[in-house]
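What follows is a single structure, written as structure tokens, with notes after it.
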Amino acid sequence: MLLPFVLAVVLSLTNVRLGSPVPAEFVGARQYLRILDDPTFRQAVFNNGLFAAVVVPLQTALALTLALLLNTPLRGMVVFRTLLFLPVIFPLSLVSVIWVLILAPGPDGMLNSFLEFITFGHWQPRNFLRDPYLALPSIMLTSIWQGVGFQMVIILAGLQAIPQTLYEAAAVDGANRWQQLYRITLPQLRNTLLFVILVTTILSFRLFDQVQVMTRGGPNDASTTVMYEAVQTAFVRLQIAKGSAMTVILFLIVLLLTLLQRHLVHRSKADRQYRGERKP
Amino acid sequence: MKRPSTILLRITILLLLCLGAALFVSPLLVMIVGSLKPDEKVLVEAGSLLAFWPTEPSLQNYRDVFRRADFIRYCWNSLFITGTVVTAGLAINSMAGYAFARLRFKGQKLLFGAVAAIMIIPLEAIAVPLFYQVTLLGWRDTYLVQILPFAANAFSIYLFYTFFLELPREFEESAYIDGAGVFRTFFSIILPNAKPVFATVAILSFLSHWGVFLWPLMVTSGEKVRPLPLGIAMFYTLPPLQWGDIFAFSVMMVLPVLVVFLIFQGWFVRGVAATGIKG
């Protein structure tokens, strides 16, 4: 795994093309400058960023809400947990195909008629996947639907690890539910939430399957992503070196996010307490 | 958290959960119901409540799938690739994790550092050069190329490592006194005590691998070695567009996994929760 990565960096500094008779030469950093100058690639980075900026908070908030609801000791919670987790076991390509039908254009489309129903007929049917403003949000919706269960289960485990004594003490002190949520639950969940946010952010930058199946980056690059561009460059245009360089940029983004998370976790007080308890 | 005090609060929580569950399950119901309908009805009825009701139910779509695509082939490919990745992964990663946790050898720190570094490199970041290597080696369109890069997995090693680290050393010491070697100790003493971590790793590697799409898309071209996730994507683009058939394909693709999941759902949930605790 490390070897191919070194190869990726080396390749990215050349101009190798698959099946090209011209011998490869070293082009150095010019490769990166050219990529960063390419409006389509910039659009792709922007789309990934926008995707993360929308999906990460929305999905985390939804997962947290569901986990809090599930954490109440009522009967039947296992059934709800199972149903909400269900989409996680579905491959993304399959989920994308199902959502193509849900997002079908025209008044007979499922989402279109649902929106028409809840707005009492005010909704104008849209062609979600061909609309430059709605293509990426449609992919966002699909991704949240598939991914929220995964986060929910991790957060639920985090909730169940919070010592009951904290809530009992708070109740004795007369704290109400909201105060308990803000003063105990959220601070105790800090590291779990940081982890979940990191994983979702990284997944946002790796976005590919849904784009390939649902929109192929269109219309007019409105839903293209870094990974989709890298694959297009390497396989359709056969510019292996340029594609490699794009994935190196992707890796740098992922690395930066991981380092940021590590930094935040290590700074957290809860983490220090946790380590203190564990050390003999 | 303590039990909700008022009836009203309890009802609100249950209602919200029912609403959530309905939103999450309805696309799946549409898929199952759609697979039983005549092709031309699926899209027409998607806009009404009929989407949840099989009008003129038949199994024709299922017969059509077998006629129009080599479903058995995709299924076998997926089964073989995922099965090998999971079982080979369990063997390789558990031994590696054990070696890091218990044995002392030269270069251990360096090697462990490498494992930790690899954990943060996503496959996407190396996919293109890896594809280039594979092409030079002439390994495209094989099972091997779909298995080899995934069997050894840094995160699985890490999960095994932390598990073995917390296992009391007394287990092994008595075995060593009885004259057992490292391998004997590992197989007869450690393995029987490590079932939970094996289950966790097996489920996680299954979940992350059976939906894999990008890599097989890059390194395979025909349907000979392609797995199900590519199968459904290809079947969806196969003209004419027949939603009944597509849904029949989907149902057959997920039904076995769905059954396994419903039986072992507790294990699945614990496995996924472990990523949050260990990560």
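Going by the structure tokens order, chains are called A, B, ..., each with residues numbered from 1, while ligands are numbered from 1 in the order shown.
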
Alpha helix (DSSP H) per DSSP on the backbone: members of stretch 38-195 of chain B, as a count of residues only: 111

Please provide the set of residues having any atom within 9 Å of B:Val134, restricted to only C-alpha atoms, with same-chain residues fewer than 5 positions apart removed, written as an mmCIF file with C-alpha atoms, in the first residue's frame.
```
data_model
loop_
_atom_site.group_PDB
_atom_site.id
_atom_site.type_symbol
_atom_site.label_atom_id
_atom_site.label_comp_id
_atom_site.auth_asym_id
_atom_site.auth_seq_id
_atom_site.Cartn_x
_atom_site.Cartn_y
_atom_site.Cartn_z
ATOM 1 C CA PRO B 129 -0.973 4.091 -9.977
ATOM 2 C CA TRP B 139 -3.414 -8.788 -14.045
ATOM 3 C CA ARG B 140 -6.515 -7.021 -15.312
ATOM 4 C CA VAL B 145 -6.382 -8.290 -8.538
ATOM 5 C CA VAL B 219 -9.521 -3.261 -13.373
#
```

Please, which residues in chain A fall within 6 Å of chain B when counting only C-alpha atoms, and what is the closest atom pair and distance in Å to one decimal for each, ordered by chain then residue number, as CSV?
```
residue,atom,partner,partner_atom,distance
A:Pro4,CA,B:Leu130,CA,5.7
A:Phe5,CA,B:Ile126,CA,5.5
A:Ala8,CA,B:Pro129,CA,5.2
A:Pro73,CA,B:Arg3,CA,5.9
A:Leu84,CA,B:Ala21,CA,5.8
A:Pro91,CA,B:Gly211,CA,4.1
A:Ser93,CA,B:Pro229,CA,5.8
A:Asp108,CA,B:Gly47,CA,4.5
A:Gly109,CA,B:Gly47,CA,5.3
A:Met110,CA,B:Gly47,CA,4.5
A:Ser113,CA,B:Gly47,CA,5.3
A:Val153,CA,B:Ala273,CA,5.9
A:Ile154,CA,B:Ala273,CA,4.5
A:Ala157,CA,B:Ala273,CA,5.8
A:Ser244,CA,B:Val128,CA,5.6
A:Thr247,CA,B:Ala125,CA,4.7
A:Val248,CA,B:Ala125,CA,6.0
A:Phe251,CA,B:Ala125,CA,5.4
```

Atomic distance atom CA of B:Ser94 - atom CA of B:Leu165, expressed in Å with one decimal: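 A separation of 12.2 Å between them.
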
Close residues, stretch 76-90 of chain B itself excluded, 9 Å, only C-alpha atoms, min 2 positions apart in chain, as number ranges by chain: B: 71-74, 92-95, 143-144, 146-148, 150-153, 156, 198, 201-203, 205-206, 209-210, 224-229

Could you turn the residues from that selection into a file that holds N, CA and C atoms, as a JSON list (two decimals), in the first residue's frame?
```json
[["chain", "number", "residue", "atom", "x", "y", "z"],
["B", 71, "PHE", "N", -26.81, -13.34, -14.11],
["B", 71, "PHE", "CA", -26.88, -13.02, -12.69],
["B", 71, "PHE", "C", -26.04, -13.98, -11.84],
["B", 72, "ILE", "N", -26.16, -15.27, -12.16],
["B", 72, "ILE", "CA", -25.43, -16.29, -11.40],
["B", 72, "ILE", "C", -23.93, -16.00, -11.37],
["B", 73, "ARG", "N", -23.44, -15.58, -12.54],
["B", 73, "ARG", "CA", -22.01, -15.25, -12.68],
["B", 73, "ARG", "C", -21.62, -14.12, -11.72],
["B", 74, "TYR", "N", -22.35, -12.99, -11.78],
["B", 74, "TYR", "CA", -22.07, -11.86, -10.89],
["B", 74, "TYR", "C", -22.12, -12.30, -9.43],
["B", 92, "ILE", "N", -4.70, -13.33, 7.96],
["B", 92, "ILE", "CA", -3.52, -12.47, 7.87],
["B", 92, "ILE", "C", -3.51, -11.42, 8.97],
["B", 93, "ASN", "N", -4.65, -10.71, 9.10],
["B", 93, "ASN", "CA", -4.68, -9.58, 10.02],
["B", 93, "ASN", "C", -4.62, -10.00, 11.49],
["B", 94, "SER", "N", -5.22, -11.16, 11.81],
["B", 94, "SER", "CA", -5.15, -11.59, 13.21],
["B", 94, "SER", "C", -3.73, -11.95, 13.58],
["B", 95, "MET", "N", -3.02, -12.64, 12.68],
["B", 95, "MET", "CA", -1.63, -13.00, 12.99],
["B", 95, "MET", "C", -0.76, -11.75, 13.08],
["B", 143, "TYR", "N", -9.53, -12.47, -10.69],
["B", 143, "TYR", "CA", -10.02, -12.40, -9.31],
["B", 143, "TYR", "C", -8.92, -11.87, -8.41],
["B", 144, "LEU", "N", -7.69, -12.33, -8.69],
["B", 144, "LEU", "CA", -6.55, -12.01, -7.83],
["B", 144, "LEU", "C", -6.43, -10.50, -7.58],
["B", 146, "GLN", "N", -8.62, -8.34, -7.60],
["B", 146, "GLN", "CA", -9.71, -7.79, -6.78],
["B", 146, "GLN", "C", -9.61, -8.22, -5.33],
["B", 147, "ILE", "N", -8.74, -9.20, -5.07],
["B", 147, "ILE", "CA", -8.60, -9.72, -3.71],
["B", 147, "ILE", "C", -7.34, -9.19, -3.04],
["B", 148, "LEU", "N", -6.21, -9.28, -3.77],
["B", 148, "LEU", "CA", -4.91, -8.98, -3.19],
["B", 148, "LEU", "C", -4.80, -7.63, -2.48],
["B", 150, "PHE", "N", -6.86, -6.00, -0.89],
["B", 150, "PHE", "CA", -7.78, -5.78, 0.22],
["B", 150, "PHE", "C", -7.63, -6.77, 1.37],
["B", 151, "ALA", "N", -6.97, -7.92, 1.12],
["B", 151, "ALA", "CA", -6.91, -8.96, 2.15],
["B", 151, "ALA", "C", -6.23, -8.43, 3.41],
["B", 152, "ALA", "N", -5.02, -7.88, 3.25],
["B", 152, "ALA", "CA", -4.36, -7.27, 4.40],
["B", 152, "ALA", "C", -4.93, -5.88, 4.59],
["B", 153, "ASN", "N", -5.39, -5.58, 5.80],
["B", 153, "ASN", "CA", -6.06, -4.31, 6.03],
["B", 153, "ASN", "C", -5.56, -3.69, 7.33],
["B", 156, "SER", "N", -8.05, -3.50, 10.29],
["B", 156, "SER", "CA", -8.30, -4.81, 10.90],
["B", 156, "SER", "C", -7.14, -5.21, 11.80],
["B", 198, "PHE", "N", -12.97, -11.45, 16.10],
["B", 198, "PHE", "CA", -13.06, -12.06, 14.77],
["B", 198, "PHE", "C", -14.40, -11.72, 14.12],
["B", 201, "VAL", "N", -14.33, -7.99, 13.01],
["B", 201, "VAL", "CA", -13.53, -7.75, 11.80],
["B", 201, "VAL", "C", -14.21, -8.36, 10.58],
["B", 202, "ALA", "N", -14.76, -9.56, 10.76],
["B", 202, "ALA", "CA", -15.42, -10.22, 9.62],
["B", 202, "ALA", "C", -16.57, -9.36, 9.10],
["B", 203, "ILE", "N", -17.40, -8.84, 10.01],
["B", 203, "ILE", "CA", -18.56, -8.05, 9.60],
["B", 203, "ILE", "C", -18.11, -6.74, 8.96],
["B", 205, "SER", "N", -15.24, -6.05, 7.47],
["B", 205, "SER", "CA", -14.61, -6.19, 6.16],
["B", 205, "SER", "C", -15.65, -6.64, 5.13],
["B", 206, "PHE", "N", -16.65, -7.40, 5.57],
["B", 206, "PHE", "CA", -17.73, -7.74, 4.65],
["B", 206, "PHE", "C", -18.48, -6.48, 4.19],
["B", 209, "HIS", "N", -16.49, -4.35, 1.93],
["B", 209, "HIS", "CA", -16.03, -4.91, 0.67],
["B", 209, "HIS", "C", -17.13, -5.34, -0.29],
["B", 210, "TRP", "N", -18.26, -5.71, 0.22],
["B", 210, "TRP", "CA", -19.22, -6.31, -0.73],
["B", 210, "TRP", "C", -19.88, -5.26, -1.61],
["B", 224, "LYS", "N", -17.15, -11.32, -16.86],
["B", 224, "LYS", "CA", -16.59, -12.59, -16.39],
["B", 224, "LYS", "C", -16.22, -12.56, -14.91],
["B", 225, "VAL", "N", -15.54, -11.52, -14.48],
["B", 225, "VAL", "CA", -15.08, -11.47, -13.08],
["B", 225, "VAL", "C", -15.69, -10.31, -12.31],
["B", 226, "ARG", "N", -16.68, -9.63, -12.90],
["B", 226, "ARG", "CA", -17.23, -8.45, -12.22],
["B", 226, "ARG", "C", -18.21, -8.84, -11.12],
["B", 227, "PRO", "N", -18.15, -8.15, -9.97],
["B", 227, "PRO", "CA", -19.07, -8.45, -8.87],
["B", 227, "PRO", "C", -20.43, -7.76, -9.00],
["B", 228, "LEU", "N", -21.34, -8.10, -8.12],
["B", 228, "LEU", "CA", -22.73, -7.61, -8.18],
["B", 228, "LEU", "C", -22.90, -6.08, -8.23],
["B", 229, "PRO", "N", -22.16, -5.31, -7.41],
["B", 229, "PRO", "CA", -22.37, -3.86, -7.47],
["B", 229, "PRO", "C", -22.16, -3.29, -8.87]]
```
